[in-house]
Structures are given as structure tokens and as C-alpha cells.
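For reference, my_file.txt is printed below; it contains compact mmCIF, C-alpha atoms and all ligand atoms.
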# COMPACT_ATOMS: atom_id res chain seq x y z
CA MET A 1 237.86 205.44 26.56
CA GLU A 2 235.47 203.71 24.27
CA LEU A 3 235.19 204.64 20.63
CA LYS A 4 231.64 204.94 19.35
CA VAL A 5 230.52 205.02 15.74
CA ILE A 6 227.29 206.82 15.02
CA GLU A 7 225.81 206.21 11.62
CA ASN A 8 223.51 208.55 9.75
CA ALA A 9 224.07 211.39 12.16
CA THR A 10 222.62 214.78 11.26
CA CYS A 11 224.63 217.93 10.62
CA THR A 12 222.73 221.16 11.30
CA PHE A 13 225.45 223.58 10.37
CA CYS A 14 223.72 224.74 7.19
CA GLY A 15 220.25 224.39 5.72
CA CYS A 16 221.14 221.20 3.84
CA VAL A 17 220.89 219.29 7.16
CA CYS A 18 222.76 216.28 5.78
CA ASP A 19 221.61 213.16 7.60
CA ASP A 20 224.19 210.69 6.33
CA ILE A 21 227.21 211.61 8.45
CA GLU A 22 229.27 208.91 10.10
CA LEU A 23 230.67 210.12 13.41
CA HIS A 24 233.54 208.54 15.31
CA ALA A 25 233.58 209.74 18.88
CA ASP A 26 234.91 208.92 22.31
CA ASP A 27 233.57 210.36 25.57
CA MET A 28 235.26 213.68 25.06
CA ARG A 29 235.23 214.62 21.40
CA ILE A 30 234.33 213.67 17.87
CA HIS A 31 237.38 212.50 15.95
CA GLN A 32 235.93 211.98 12.53
CA ALA A 33 232.89 213.18 10.64
CA LYS A 34 232.82 211.13 7.46
CA LYS A 35 230.84 212.43 4.47
CA ALA A 36 230.50 215.88 6.04
CA CYS A 37 231.83 218.85 4.06
CA ILE A 38 234.54 221.16 5.43
CA LEU A 39 232.01 223.35 7.20
CA GLY A 40 230.28 220.37 8.77
CA LYS A 41 233.58 218.76 9.77
CA SER A 42 234.84 221.79 11.60
CA TRP A 43 231.47 222.19 13.30
CA PHE A 44 231.49 218.60 14.58
CA LEU A 45 235.15 218.60 15.53
CA ASN A 46 235.14 221.95 17.32
CA HIS A 47 232.64 220.98 20.02
CA THR A 48 233.77 218.81 22.90
CA ALA A 49 232.22 217.42 26.07
CA GLU A 50 234.76 219.35 28.14
CA LYS A 51 233.63 221.72 30.82
CA LYS A 52 235.22 224.79 29.30
CA TYR A 53 232.89 227.42 30.73
CA PRO A 54 231.14 227.89 34.08
CA ASP A 55 227.54 226.58 34.25
CA ALA A 56 226.35 230.14 34.20
CA LEU A 57 227.49 233.75 34.52
CA ILE A 58 225.60 236.46 36.36
CA ASP A 59 227.01 239.95 35.76
CA GLY A 60 230.13 238.26 34.43
CA GLN A 61 230.68 236.20 37.60
CA PRO A 62 230.42 232.39 37.67
CA ALA A 63 227.11 231.27 39.15
CA SER A 64 225.02 228.15 39.58
CA LEU A 65 222.44 227.09 37.03
CA ASP A 66 219.60 227.35 39.58
CA ASP A 67 220.49 230.93 40.47
CA ALA A 68 220.84 231.91 36.84
CA ILE A 69 217.42 230.47 36.00
CA GLU A 70 215.82 232.36 38.90
CA VAL A 71 217.50 235.66 37.96
CA ALA A 72 216.64 235.24 34.27
CA ALA A 73 212.99 234.51 35.06
CA ASN A 74 212.78 237.61 37.26
CA TYR A 75 214.32 239.90 34.64
CA LEU A 76 211.91 238.60 32.02
CA TYR A 77 208.86 238.80 34.27
CA ASP A 78 209.66 242.30 35.51
CA ALA A 79 210.13 243.71 32.01
CA ASP A 80 207.31 245.60 30.30
CA MET A 81 208.34 244.55 26.80
CA PRO A 82 210.61 241.52 26.88
CA LEU A 83 212.07 240.13 23.65
CA VAL A 84 212.69 236.47 22.81
CA TYR A 85 215.09 236.26 19.89
CA GLY A 86 217.29 233.85 17.95
CA MET A 87 216.34 230.19 17.95
CA SER A 88 218.68 229.29 15.06
CA ASN A 89 221.21 226.93 16.54
CA THR A 90 218.81 225.02 18.67
CA THR A 91 216.27 222.22 18.45
CA CYS A 92 212.59 222.49 17.59
CA GLU A 93 211.78 221.23 21.08
CA ALA A 94 213.61 224.21 22.58
CA GLN A 95 211.97 226.55 20.06
CA LYS A 96 208.58 225.33 21.19
CA GLU A 97 209.46 226.12 24.80
CA CYS A 98 210.59 229.60 23.71
CA VAL A 99 207.23 230.28 22.05
CA ALA A 100 205.37 229.07 25.14
CA MET A 101 207.53 231.30 27.34
CA ALA A 102 207.00 234.32 25.06
CA ASP A 103 203.26 233.69 25.20
CA LEU A 104 203.33 233.60 28.99
CA LEU A 105 205.33 236.83 29.08
CA GLY A 106 203.40 238.68 26.37
CA ALA A 107 206.77 239.15 24.69
CA LEU A 108 208.13 240.04 21.29
CA LEU A 109 209.14 236.88 19.45
CA ASP A 110 211.50 236.81 16.51
CA SER A 111 214.15 234.78 14.70
CA HIS A 112 217.11 235.35 12.39
CA THR A 113 214.76 235.35 9.42
CA SER A 114 213.67 238.94 10.03
CA LEU A 115 217.17 240.38 9.50
CA MET B 1 205.72 232.87 2.78
CA GLY B 2 202.50 230.98 2.88
CA GLY B 3 201.21 229.71 -0.44
CA LYS B 4 204.62 229.42 -2.06
CA VAL B 5 204.98 226.94 -4.87
CA THR B 6 207.62 224.58 -3.60
CA CYS B 7 208.68 220.97 -3.20
CA THR B 8 211.13 218.86 -1.24
CA LEU B 9 214.79 218.38 -2.08
CA GLY B 10 213.98 214.75 -2.84
CA GLU B 11 211.87 215.88 -5.79
CA VAL B 12 214.63 218.20 -6.95
CA LYS B 13 217.07 215.32 -6.83
CA GLN B 14 214.76 213.02 -8.79
CA ARG B 15 213.20 215.39 -11.31
CA ALA B 16 214.63 218.90 -11.61
CA ASP B 17 216.18 219.36 -15.06
CA PHE B 18 216.38 223.14 -14.82
CA ILE B 19 217.96 224.65 -11.73
CA VAL B 20 218.35 228.35 -11.00
CA TYR B 21 220.36 229.68 -8.07
CA TRP B 22 219.58 233.33 -7.48
CA GLY B 23 221.69 235.41 -5.09
CA GLY B 24 223.38 232.52 -3.37
CA ASN B 25 226.75 230.83 -3.30
CA PRO B 26 226.04 227.17 -2.58
CA ALA B 27 229.60 226.07 -3.44
CA GLU B 28 230.82 227.85 -0.33
CA CYS B 29 227.76 228.23 1.91
CA HIS B 30 225.90 224.95 1.32
CA PRO B 31 228.78 222.77 0.10
CA ARG B 32 226.84 219.53 -0.38
CA HIS B 33 223.79 221.05 -2.05
CA PHE B 34 225.16 220.41 -5.56
CA THR B 35 226.30 216.87 -4.93
CA LYS B 36 223.51 215.66 -2.70
CA TYR B 37 220.41 217.23 -4.22
CA THR B 38 220.80 219.20 -7.39
CA LEU B 39 223.60 218.80 -9.88
CA MET B 40 225.32 215.48 -9.62
CA GLN B 41 222.59 213.01 -8.71
CA LYS B 42 221.31 210.53 -11.27
CA SER B 43 217.72 209.35 -11.12
CA LYS B 44 215.07 207.42 -13.03
CA PHE B 45 214.01 210.64 -14.77
CA LEU B 46 217.48 212.05 -15.24
CA PRO B 47 219.61 208.98 -15.91
CA ARG B 48 222.64 210.96 -17.09
CA GLY B 49 222.75 213.10 -13.96
CA ARG B 50 224.58 216.36 -14.52
CA LYS B 51 224.25 216.07 -18.32
CA ASP B 52 220.47 216.03 -18.06
CA ARG B 53 220.34 219.19 -15.99
CA THR B 54 220.75 222.85 -16.88
CA VAL B 55 222.10 225.08 -14.14
CA VAL B 56 221.86 228.87 -14.08
CA LEU B 57 223.43 231.16 -11.52
CA VAL B 58 222.25 234.74 -11.06
CA ASP B 59 224.41 236.86 -8.81
CA ILE B 60 226.10 240.23 -8.60
CA ARG B 61 229.60 238.73 -8.74
CA GLU B 62 231.22 235.65 -10.13
CA THR B 63 231.56 233.38 -7.10
CA LYS B 64 232.95 229.85 -6.96
CA SER B 65 229.45 228.56 -7.68
CA ALA B 66 229.60 230.12 -11.15
CA LYS B 67 232.07 227.45 -12.24
CA ALA B 68 229.49 224.75 -11.59
CA ALA B 69 226.80 226.53 -13.62
CA ASP B 70 226.07 226.30 -17.35
CA HIS B 71 225.01 229.93 -17.54
CA PHE B 72 226.04 232.78 -15.32
CA LEU B 73 224.03 236.00 -15.29
CA GLN B 74 225.75 238.90 -13.62
CA VAL B 75 222.99 241.21 -12.46
CA ARG B 76 223.79 244.78 -11.40
CA PRO B 77 223.68 245.18 -7.61
CA GLY B 78 220.22 246.19 -6.46
CA LYS B 79 218.58 245.32 -9.80
CA ASP B 80 217.18 241.90 -8.89
CA PHE B 81 213.62 243.12 -8.60
CA GLU B 82 213.79 244.84 -11.98
CA LEU B 83 215.26 241.75 -13.60
CA LEU B 84 212.61 239.48 -12.10
CA THR B 85 209.83 241.83 -13.18
CA ILE B 86 211.23 242.05 -16.72
CA MET B 87 211.41 238.27 -16.93
CA ARG B 88 207.85 237.97 -15.65
CA ALA B 89 206.73 240.30 -18.44
CA MET B 90 208.79 238.47 -21.05
CA ILE B 91 207.41 235.01 -20.32
CA LYS B 92 203.96 236.40 -21.10
CA GLY B 93 205.24 237.84 -24.36
CA GLN B 94 204.90 241.46 -23.28
CA ASP B 95 207.16 244.13 -24.77
CA VAL B 96 209.96 245.43 -22.62
CA PRO B 97 212.07 248.45 -23.65
CA GLU B 98 215.66 247.42 -24.31
CA ALA B 99 217.02 250.36 -22.35
CA GLN B 100 215.32 249.03 -19.21
CA VAL B 101 216.67 245.56 -19.80
CA ALA B 102 220.17 246.97 -20.25
CA GLU B 103 219.94 248.65 -16.84
CA THR B 104 219.90 245.26 -15.15
CA GLY B 105 223.29 244.44 -16.66
CA ILE B 106 221.94 241.61 -18.82
CA SER B 107 221.17 241.74 -22.53
CA ILE B 108 217.75 240.99 -23.94
CA GLU B 109 219.13 238.18 -26.14
CA VAL B 110 220.46 236.35 -23.09
CA LEU B 111 217.09 236.72 -21.41
CA ARG B 112 215.15 235.53 -24.47
CA ASP B 113 217.36 232.49 -24.73
CA LEU B 114 217.03 231.77 -21.00
CA ILE B 115 213.26 232.07 -21.03
CA GLU B 116 213.00 229.76 -24.00
CA LYS B 117 215.07 227.16 -22.13
CA MET B 118 213.00 227.60 -19.00
CA LYS B 119 209.77 227.01 -20.87
CA LYS B 120 211.19 223.85 -22.43
CA ALA B 121 212.22 222.39 -19.08
CA LYS B 122 210.20 219.56 -17.58
CA TYR B 123 210.75 220.49 -13.96
CA GLY B 124 212.31 223.79 -13.00
CA VAL B 125 213.39 224.94 -9.57
CA MET B 126 214.58 228.35 -8.38
CA PHE B 127 216.67 228.51 -5.24
CA PHE B 128 217.13 231.96 -3.80
CA GLY B 129 219.65 233.07 -1.21
CA MET B 130 220.42 236.03 0.99
CA GLY B 131 221.89 237.89 -1.98
CA LEU B 132 218.30 238.27 -3.16
CA SER B 133 216.33 238.53 0.05
CA MET B 134 218.73 240.66 2.11
CA THR B 135 219.60 243.35 -0.44
CA ARG B 136 217.67 246.33 -1.79
CA GLY B 137 214.02 245.34 -2.02
CA LYS B 138 214.41 242.52 0.54
CA HIS B 139 211.22 240.50 0.88
CA MET B 140 209.75 242.21 -2.18
CA ASN B 141 212.51 240.52 -4.20
CA ALA B 142 211.68 237.15 -2.67
CA ALA B 143 207.99 237.76 -3.36
CA ALA B 144 208.78 238.65 -7.00
CA LEU B 145 210.75 235.45 -7.44
CA LEU B 146 208.02 233.34 -5.85
CA THR B 147 205.44 234.93 -8.14
CA PHE B 148 207.73 234.34 -11.12
CA ALA B 149 207.97 230.65 -10.21
CA ALA B 150 204.21 230.42 -9.77
CA GLU B 151 203.59 232.12 -13.13
CA MET B 152 206.02 229.79 -14.91
CA ASN B 153 203.50 227.04 -14.17
CA ALA B 154 201.39 228.35 -17.04
CA PHE B 155 204.08 226.79 -19.27
CA THR B 156 205.76 224.02 -17.31
CA LYS B 157 206.27 222.78 -13.77
CA PHE B 158 208.28 225.29 -11.73
CA VAL B 159 208.92 225.61 -8.00
CA ALA B 160 210.93 227.90 -5.70
CA MET B 161 212.78 227.38 -2.46
CA PRO B 162 214.78 229.64 -0.14
CA MET B 163 218.37 228.57 0.60
CA ARG B 164 218.31 228.72 4.37
CA GLY B 165 221.42 228.76 6.47
CA HIS B 166 222.19 229.19 10.16
CA GLY B 167 221.39 225.80 11.62
CA ASN B 168 217.73 225.41 12.36
CA VAL B 169 216.20 228.74 11.23
CA THR B 170 213.73 226.78 9.13
CA GLY B 171 212.61 225.01 12.30
CA ALA B 172 212.11 228.37 14.03
CA ASP B 173 209.83 229.47 11.17
CA VAL B 174 207.88 226.24 11.26
CA ILE B 175 207.46 226.18 15.04
CA MET B 176 206.36 229.83 15.23
CA ARG B 177 203.92 229.29 12.37
CA TRP B 178 202.53 226.23 14.11
CA GLN B 179 202.15 227.91 17.48
CA THR B 180 201.20 231.49 16.56
CA GLY B 181 200.23 231.45 12.88
CA TYR B 182 203.16 233.70 11.89
CA PRO B 183 206.77 232.83 11.05
CA PHE B 184 208.74 235.70 12.74
CA GLY B 185 208.40 239.35 13.77
CA ILE B 186 205.62 238.61 16.27
CA SER B 187 204.32 240.54 19.26
CA LEU B 188 202.30 238.80 21.96
CA ASN B 189 201.96 241.89 24.13
CA ARG B 190 198.21 242.12 23.71
CA GLY B 191 197.81 238.53 24.76
CA TYR B 192 197.38 237.29 21.18
CA PRO B 193 199.87 237.14 18.31
CA ARG B 194 200.30 240.06 15.92
CA TYR B 195 202.68 240.04 12.97
CA ASN B 196 204.49 243.08 11.65
CA PRO B 197 208.06 242.75 10.41
CA GLY B 198 209.72 246.14 10.49
CA GLU B 199 207.89 246.98 13.71
CA PHE B 200 208.41 243.77 15.70
CA SER B 201 211.59 242.52 14.02
CA THR B 202 214.50 242.48 16.40
CA VAL B 203 216.91 244.88 14.69
CA ASP B 204 214.22 247.53 14.48
CA VAL B 205 213.04 246.93 18.05
CA LEU B 206 216.60 247.22 19.36
CA VAL B 207 217.58 250.24 17.28
CA ARG B 208 214.44 252.05 18.47
CA GLY B 209 215.11 250.90 22.03
CA ASP B 210 211.67 249.32 22.31
CA THR B 211 212.51 246.45 24.61
CA ASP B 212 213.55 246.41 28.26
CA CYS B 213 214.82 242.83 28.52
CA ALA B 214 216.21 240.53 25.82
CA PHE B 215 216.35 236.75 25.87
CA ILE B 216 218.78 235.44 23.24
CA ILE B 217 219.04 231.76 22.36
CA GLY B 218 221.03 230.06 19.59
CA ALA B 219 222.18 233.36 18.08
CA ASP B 220 224.92 235.91 18.56
CA PRO B 221 223.47 239.34 17.72
CA GLY B 222 226.39 240.95 19.59
CA ALA B 223 228.58 239.89 16.66
CA THR B 224 226.23 240.49 13.75
CA MET B 225 223.86 243.36 14.45
CA PRO B 226 224.41 247.08 13.83
CA LYS B 227 226.05 249.02 16.63
CA PRO B 228 222.98 250.89 17.96
CA ALA B 229 221.21 247.53 18.38
CA ILE B 230 224.17 246.07 20.27
CA ASP B 231 224.37 249.17 22.45
CA HIS B 232 220.75 248.68 23.44
CA LEU B 233 221.37 245.01 24.28
CA ALA B 234 224.16 246.11 26.61
CA LYS B 235 221.90 248.67 28.26
CA VAL B 236 218.96 246.42 29.15
CA PRO B 237 219.16 243.12 31.05
CA THR B 238 220.10 240.55 28.42
CA ILE B 239 219.97 236.80 28.99
CA VAL B 240 221.94 234.46 26.74
CA LEU B 241 221.74 230.70 26.29
CA ASP B 242 224.67 229.36 24.28
CA PRO B 243 227.20 226.51 24.29
CA HIS B 244 229.97 229.14 24.17
CA VAL B 245 230.56 232.42 25.92
CA THR B 246 229.76 234.64 22.92
CA HIS B 247 230.05 238.34 22.12
CA THR B 248 226.47 238.71 23.31
CA SER B 249 227.25 236.81 26.54
CA ARG B 250 229.95 239.36 27.32
CA LEU B 251 227.48 242.22 27.34
CA SER B 252 224.70 240.27 29.04
CA ARG B 253 223.59 240.13 32.68
CA VAL B 254 222.95 236.39 32.60
CA HIS B 255 224.69 233.74 30.50
CA ILE B 256 223.74 230.07 30.78
CA THR B 257 225.94 227.47 29.10
CA THR B 258 223.93 224.80 27.29
CA ALA B 259 224.71 221.63 25.36
CA PRO B 260 225.24 222.16 21.60
CA ALA B 261 222.18 220.94 19.67
CA GLY B 262 222.83 217.94 17.44
CA ILE B 263 226.25 217.31 18.98
CA ALA B 264 225.40 216.83 22.65
CA ALA B 265 221.66 217.58 22.81
CA PRO B 266 218.98 215.51 21.07
CA GLY B 267 215.94 216.87 19.27
CA THR B 268 214.70 217.77 15.82
CA GLY B 269 216.05 220.08 13.12
CA TYR B 270 214.39 221.20 9.89
CA ARG B 271 216.02 221.01 6.50
CA MET B 272 215.58 224.02 4.16
CA ASP B 273 212.69 222.24 2.41
CA GLU B 274 210.86 221.91 5.74
CA VAL B 275 211.51 218.24 6.20
CA PRO B 276 212.18 217.48 9.89
CA MET B 277 215.26 215.43 10.74
CA PRO B 278 216.04 213.72 14.04
CA LEU B 279 219.37 214.77 15.56
CA LYS B 280 221.76 212.11 16.80
CA PRO B 281 224.06 213.54 19.44
CA ALA B 282 227.45 211.86 19.70
CA LEU B 283 228.56 213.33 23.03
CA ASN B 284 227.23 213.67 26.55
CA SER B 285 227.49 217.24 27.65
CA PRO B 286 228.13 218.40 31.21
CA TYR B 287 225.60 221.15 30.49
CA PRO B 288 221.80 220.94 30.24
CA SER B 289 220.01 221.26 26.89
CA ASP B 290 218.41 224.50 25.69
CA GLU B 291 215.06 222.80 25.96
CA GLU B 292 215.52 222.00 29.64
CA VAL B 293 216.76 225.48 30.58
CA VAL B 294 213.99 227.33 28.72
CA ARG B 295 211.39 225.02 30.24
CA ARG B 296 212.71 225.69 33.73
CA ILE B 297 212.74 229.47 33.23
CA LYS B 298 209.21 229.22 31.87
CA GLU B 299 208.12 227.21 34.92
CA VAL B 300 209.50 229.83 37.30
CA ILE B 301 207.64 232.55 35.37
CA ALA B 302 204.46 230.46 35.46
CA THR B 303 204.47 230.49 39.29
CA LYS B 304 204.12 234.29 39.28
CA PRO B 305 200.78 236.10 38.94
CA ASP B 306 199.57 236.48 35.36
CA TRP B 307 200.98 239.72 33.89
CA MET B 308 197.96 240.65 31.89
CA THR B 309 195.54 241.01 34.78
CA ASN B 310 198.23 242.39 37.08
CA GLN B 311 199.81 245.20 35.15
CA PRO B 312 198.71 248.51 36.69
CA GLN B 313 199.02 250.30 33.34
CA MET B 314 196.61 247.95 31.59
CA ILE B 315 193.47 249.54 30.26
CA GLU B 316 190.45 247.98 31.91
CA SER B 317 188.64 247.22 28.66
CA GLN B 318 191.63 245.35 27.24
CA VAL B 319 191.78 242.81 30.05
S1 LIG A 401 227.65 218.49 6.02
FE1 LIG A 401 228.05 220.48 5.04
S2 LIG A 401 226.39 220.67 3.54
FE2 LIG A 401 225.76 219.07 4.97
S3 LIG A 401 224.55 220.16 6.53
FE3 LIG A 401 226.66 220.06 7.26
S4 LIG A 401 227.56 222.01 6.62
FE4 LIG A 401 225.71 221.71 5.39
The structure in this file should be written as C-alpha cells.
Ligand code: SF4
Amino acid sequence: MELKVIENATCTFCGCVCDDIELHADDMRIHQAKKACILGKSWFLNHTAEKKYPDALIDGQPASLDDAIEVAANYLYDADMPLVYGMSNTTCEAQKECVAMADLLGALLDSHTSL
Amino acid sequence: MGGKVTCTLGEVKQRADFIVYWGGNPAECHPRHFTKYTLMQKSKFLPRGRKDRTVVLVDIRETKSAKAADHFLQVRPGKDFELLTIMRAMIKGQDVPEAQVAETGISIEVLRDLIEKMKKAKYGVMFFGMGLSMTRGKHMNAAALLTFAAEMNAFTKFVAMPMRGHGNVTGADVIMRWQTGYPFGISLNRGYPRYNPGEFSTVDVLVRGDTDCAFIIGADPGATMPKPAIDHLAKVPTIVLDPHVTHTSRLSRVHITTAPAGIAAPGTGYRMDEVPMPLKPALNSPYPSDEEVVRRIKEVIATKPDWMTNQPQMIESQV
């Protein structure tokens, strides 16, 4: 396994979004997150590239990604008042897709901020 | 919070010689805020770093952050709005009855001294956390603090900034504002965006039971929301996108595992001062990114007939 060093990586655990983290990683996990604080360190070190969970679950049963996408789209389309919520631990690119989807659905759209 | 008087953290680092933290605990929730942006940094304008800066903490209890502050003001729980309003009156030299000041838990002498210091500052900044904006008064408290900061500009430069947490919530605000004109609490059910927190905010919608399908991404309301809201999520078809099987996944009909943003998925995240930062993932995930999954769901929906012209219950004149 090859050890990679990523300089000036970005931590998104809290609103500080520190962009000076030095990550040491192999294919599977991050071994070191230099300059990150304890919260950032545990965030970086707790995620791995392992396949810990099934691709998808439908009614609690393992399912394929394609099926899950189809089922999700149908539930959302069939609803009279769907809700799109969250968007905290994700990228702006994904958030943009969420807004476009909510627009298409005529949905409610909301984030953590409203709590 | 359009029209707020604010700045970037870079300016705070370079210039802020008077720093107020109101209702937040940066020492434990934003551990590098002090060292990276506010307290410890030296700059051209503040060559002695910490010695050139005055730090005030306002909170209902003495947290770890209090140790780092020069002055700690312990406000009575639920009295933030009153304290802010009293201070707004005092900076303008208006009379405030001492009995009312005493109710906030802080003496008038302390306030007089604080206001004098604030007016003498060259560049003041007020950071406010959830202790202000999530307690009694909620956004009215935040609005009072923002107004206070704006009014301080009659005397010296002052700005305000919310201490945001939870990953990329700032990005969510920015993206929704860009796409719909509003930051959160939006309904698109008339085909155009409407904004009404309290009516369209998720907790209220769920507690009232006003949704019949929930799509949850990058959040775990099943662990954080009040019980009636969680019960409603379990009742309707809920769809969850998350790198882990979460509490919400367990009560959902569909869970899709995605790559964790910033660790295995690339993209952009916003800092609390609304500066966008590129993410540099270190790992390759066996799972797709949130972006890809949402786009694919959206594409499937887009192949179906448009809901607005096809809903039998639509009123003719609205179409
Ligand atoms: S390293 Fe610490 S302070 Fe910086 S963004 Fe991550 S959690 Fe926040």
C-alpha cells in the first residue's frame, strides 16, 4: 500500500473549515491529520474507504444503488408535499442538486439553520 | 440575515482588537478559532498579538472559553435580548433603570466599563453562537445583536458574525440564497419559492405532520429532533443519504450509502465567514458521492410528467 501525503487539506467538521491540514493516508484510511484539532482528527481518522455498509437499504434490506434510486425517485414524485432537508455534511455541489430536485418536485426545502 | 455588517475571518485576524463571543464556546466547539483567527495571531496592525486584543465572553455559564477571555459576563438564562437592548440604549447615552439592568445578572458599572472599551476599540467583532440564537428569543436575539453591531459603527468600526457549526451549513445557506433568494425554511409548492420559517421549517412541518415524504441528506434528525418529529419521519416514506447507517436510516424506507464529503468526495465547503474552500479528499470511496446520487434521483424524477400541470387537485387558475 502506498502512503500519500496531502497538503493543505480542508477539514469541514466545524465552521472554521481549516484548510491547512496535512493528511497522511494509504488506500484504506487516514493515519495522521497534522495541525487538525481533536475534533478534526477524530473526524478524519474515523472514516475509512472500507465497504462497511451495503450500497443501499430498502425497507431495511440490502439493495442495489440503481433500485434504491428508482424507489426514492418514485416516493418523492408520488408525494403531495415532499420535504428536502439537511444538507449540512455535504458539498455545495450536492446542495445545488438538492435545490434543483426540490424545485422539480415543488418541495419544502430546509437546512439545519432553521432549528 | 441579509444586510448584516460583517467581514471575513482574515480581517478579524489582521485587525480585530476587540472580540466578543456571545453564547458560544469556541474552546470546545471551534477549537482552532482562537489560535487561527482571533486571539493568538500577530499582524501588521496588532504586532503584539494577544496583548493587543481584548476578548469578552458573554454566556450563561462559565465554560472553558471563559479562561481565554479578559472579561466574562455571566448573563441570566433567557436574558440575552434584554441585555443587548440595554446595551444598545446605553451606547446612545440613554437612561436605563438600574433594576432592569440587574435583572440581566450584570451590574451597570460592568456595562459602562465595557461600553467605554468598545467605543475605544479600533475594530470590534461580535461572534454569536447557538447559545444566543437557539434560546428564548431565537432569531430576535440574533437580530438584536446584528443591530447592536451596526449601531456601534456610529462610534467605531464594528462587525458581527455567526459561529456556524455542523460541517457545511453555511454552504447550504449560500446555495439556497443563490438559487431561491432565501436561506432556509422554503416552500416551492406553488412553483416559486416562498420563505416562512416557523411554517416551512422542518421541525414544525414534521411536528404538524405536514409532509408525506422526507428526503434527508447530510443530517441525522432521527438523533436530534423532538420525538413527535421523529415519529412522523418513521410514519412517512423517508429517504436518507449518509456515509453511515444513522438513526434516521433505521427508521427510513430507503437508505443510500454515500462517500463522506471532504474525506472521499470532492467539492466545495463554506467557512463560517462565507468564504468557499475546495475540499481535498484523501481516500477513494467504494460509494458514490452525494452529488452523483442526488443528480441521478433528480434525473429519474425529470423523466416523469411535470407535477404542476398534472396534479388533479390543482386549481385551474394557479397553473
Ligand atoms: S481542524 Fe478543528 S477547528 Fe479546524 S475545521 Fe476541523 S474541527 Fe474545526
* Got a sec to check which residues lie within 10 Å of ligand LIG 401 (chain A), using only C-alpha atoms and all ligand atoms, and send them as JSON, numbers by chain? -> {"A": [10, 11, 12, 13, 14, 15, 16, 17, 18, 19, 20, 21, 33, 34, 35, 36, 37, 38, 39, 40, 41, 42, 43, 44], "B": [26, 27, 28, 29, 30, 31, 32, 33, 34, 35, 36, 165, 166, 167, 271]}
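Counting from CA of Gly198 in chain B, the distance to CA of Gly185 in chain B is 7.7 Å.
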* Please, what distance in Å, to one decimal, runs between CA of Thr113 in chain A and CA of Lys138 in chain B? ->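 A separation of 11.4 Å between them.
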Please determine the contact residues of chain A with respect to chain B at a cut-off of 6 Å, counting all atoms listed in the file, and supply them as a tab-separated table (two decimals) with C-alpha atoms, in the frame of the given file.
chain	number	residue	atom	x	y	z
A	9	ALA	CA	224.07	211.39	12.16
A	10	THR	CA	222.62	214.78	11.26
A	12	THR	CA	222.73	221.16	11.30
A	13	PHE	CA	225.45	223.58	10.37
A	14	CYS	CA	223.72	224.74	7.19
A	15	GLY	CA	220.25	224.39	5.72
A	16	CYS	CA	221.14	221.20	3.84
A	17	VAL	CA	220.89	219.29	7.16
A	49	ALA	CA	232.22	217.42	26.07
A	55	ASP	CA	227.54	226.58	34.25
A	56	ALA	CA	226.35	230.14	34.20
A	57	LEU	CA	227.49	233.75	34.52
A	58	ILE	CA	225.60	236.46	36.36
A	59	ASP	CA	227.01	239.95	35.76
A	69	ILE	CA	217.42	230.47	36.00
A	73	ALA	CA	212.99	234.51	35.06
A	79	ALA	CA	210.13	243.71	32.01
A	81	MET	CA	208.34	244.55	26.80
A	82	PRO	CA	210.61	241.52	26.88
A	83	LEU	CA	212.07	240.13	23.65
A	84	VAL	CA	212.69	236.47	22.81
A	85	TYR	CA	215.09	236.26	19.89
A	86	GLY	CA	217.29	233.85	17.95
A	87	MET	CA	216.34	230.19	17.95
A	88	SER	CA	218.68	229.29	15.06
A	89	ASN	CA	221.21	226.93	16.54
A	90	THR	CA	218.81	225.02	18.67
A	91	THR	CA	216.27	222.22	18.45
A	92	CYS	CA	212.59	222.49	17.59
A	94	ALA	CA	213.61	224.21	22.58
A	97	GLU	CA	209.46	226.12	24.80
A	101	MET	CA	207.53	231.30	27.34
A	106	GLY	CA	203.40	238.68	26.37
A	107	ALA	CA	206.77	239.15	24.69
A	108	LEU	CA	208.13	240.04	21.29
A	109	LEU	CA	209.14	236.88	19.45
A	110	ASP	CA	211.50	236.81	16.51
A	111	SER	CA	214.15	234.78	14.70
A	114	SER	CA	213.67	238.94	10.03
* To do: Measure the distance from CA of Glu70 in chain A to CA of Leu104 in chain A in Å and round it to one decimal.
  =>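 One can read the CA of Glu70 in chain A to CA of Leu104 in chain A distance as 16.0 Å.
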* Asked: Pick the closest to His247 in chain B from B:Leu132, B:Leu145, B:Leu233, B:Ala99: which is it, counting only C-alpha atoms?
  -> B:Leu233
* **Exercise: range 81-93 of chain B partners within 6 Å, all atoms listed in the file, chain neighbours under 2 positions left out, as a PyMOL selection string** => chain B and resi 79+141+148
Could I see range 18-22 of chain B restored to all heavy atoms, set down as a compact mmCIF listing (two decimals), keeping the file's coordinate frame?
# COMPACT_ATOMS: atom_id res chain seq x y z
N PHE B 18 215.99 221.75 -14.63
CA PHE B 18 216.38 223.14 -14.82
C PHE B 18 216.50 223.80 -13.45
O PHE B 18 215.52 223.92 -12.73
CB PHE B 18 215.36 223.89 -15.68
CG PHE B 18 215.91 225.16 -16.26
CD1 PHE B 18 216.43 225.18 -17.55
CD2 PHE B 18 215.94 226.33 -15.51
CE1 PHE B 18 216.97 226.35 -18.08
CE2 PHE B 18 216.47 227.50 -16.03
CZ PHE B 18 216.99 227.51 -17.33
N ILE B 19 217.72 224.18 -13.10
CA ILE B 19 217.96 224.65 -11.73
C ILE B 19 218.53 226.06 -11.76
O ILE B 19 219.53 226.32 -12.43
CB ILE B 19 218.93 223.69 -11.01
CG1 ILE B 19 218.29 222.30 -10.92
CG2 ILE B 19 219.27 224.21 -9.62
CD1 ILE B 19 219.27 221.18 -10.82
N VAL B 20 217.86 226.98 -11.08
CA VAL B 20 218.35 228.35 -11.00
C VAL B 20 218.76 228.64 -9.56
O VAL B 20 218.02 228.35 -8.63
CB VAL B 20 217.24 229.35 -11.41
CG1 VAL B 20 217.78 230.78 -11.39
CG2 VAL B 20 216.65 229.01 -12.77
N TYR B 21 219.95 229.17 -9.38
CA TYR B 21 220.36 229.68 -8.07
C TYR B 21 220.41 231.19 -8.19
O TYR B 21 221.13 231.73 -9.03
CB TYR B 21 221.74 229.17 -7.68
CG TYR B 21 221.78 227.73 -7.23
CD1 TYR B 21 222.20 226.73 -8.09
CD2 TYR B 21 221.41 227.39 -5.93
CE1 TYR B 21 222.25 225.40 -7.67
CE2 TYR B 21 221.47 226.06 -5.51
CZ TYR B 21 221.88 225.07 -6.39
OH TYR B 21 221.94 223.78 -5.96
N TRP B 22 219.64 231.87 -7.38
CA TRP B 22 219.58 233.33 -7.48
C TRP B 22 220.10 233.95 -6.18
O TRP B 22 219.52 233.71 -5.11
CB TRP B 22 218.12 233.76 -7.72
CG TRP B 22 218.00 235.16 -8.25
CD1 TRP B 22 218.46 236.30 -7.67
CD2 TRP B 22 217.36 235.57 -9.48
NE1 TRP B 22 218.18 237.38 -8.45
CE2 TRP B 22 217.50 236.97 -9.55
CE3 TRP B 22 216.70 234.88 -10.50
CZ2 TRP B 22 216.96 237.70 -10.62
CZ3 TRP B 22 216.18 235.62 -11.56
CH2 TRP B 22 216.32 237.02 -11.63
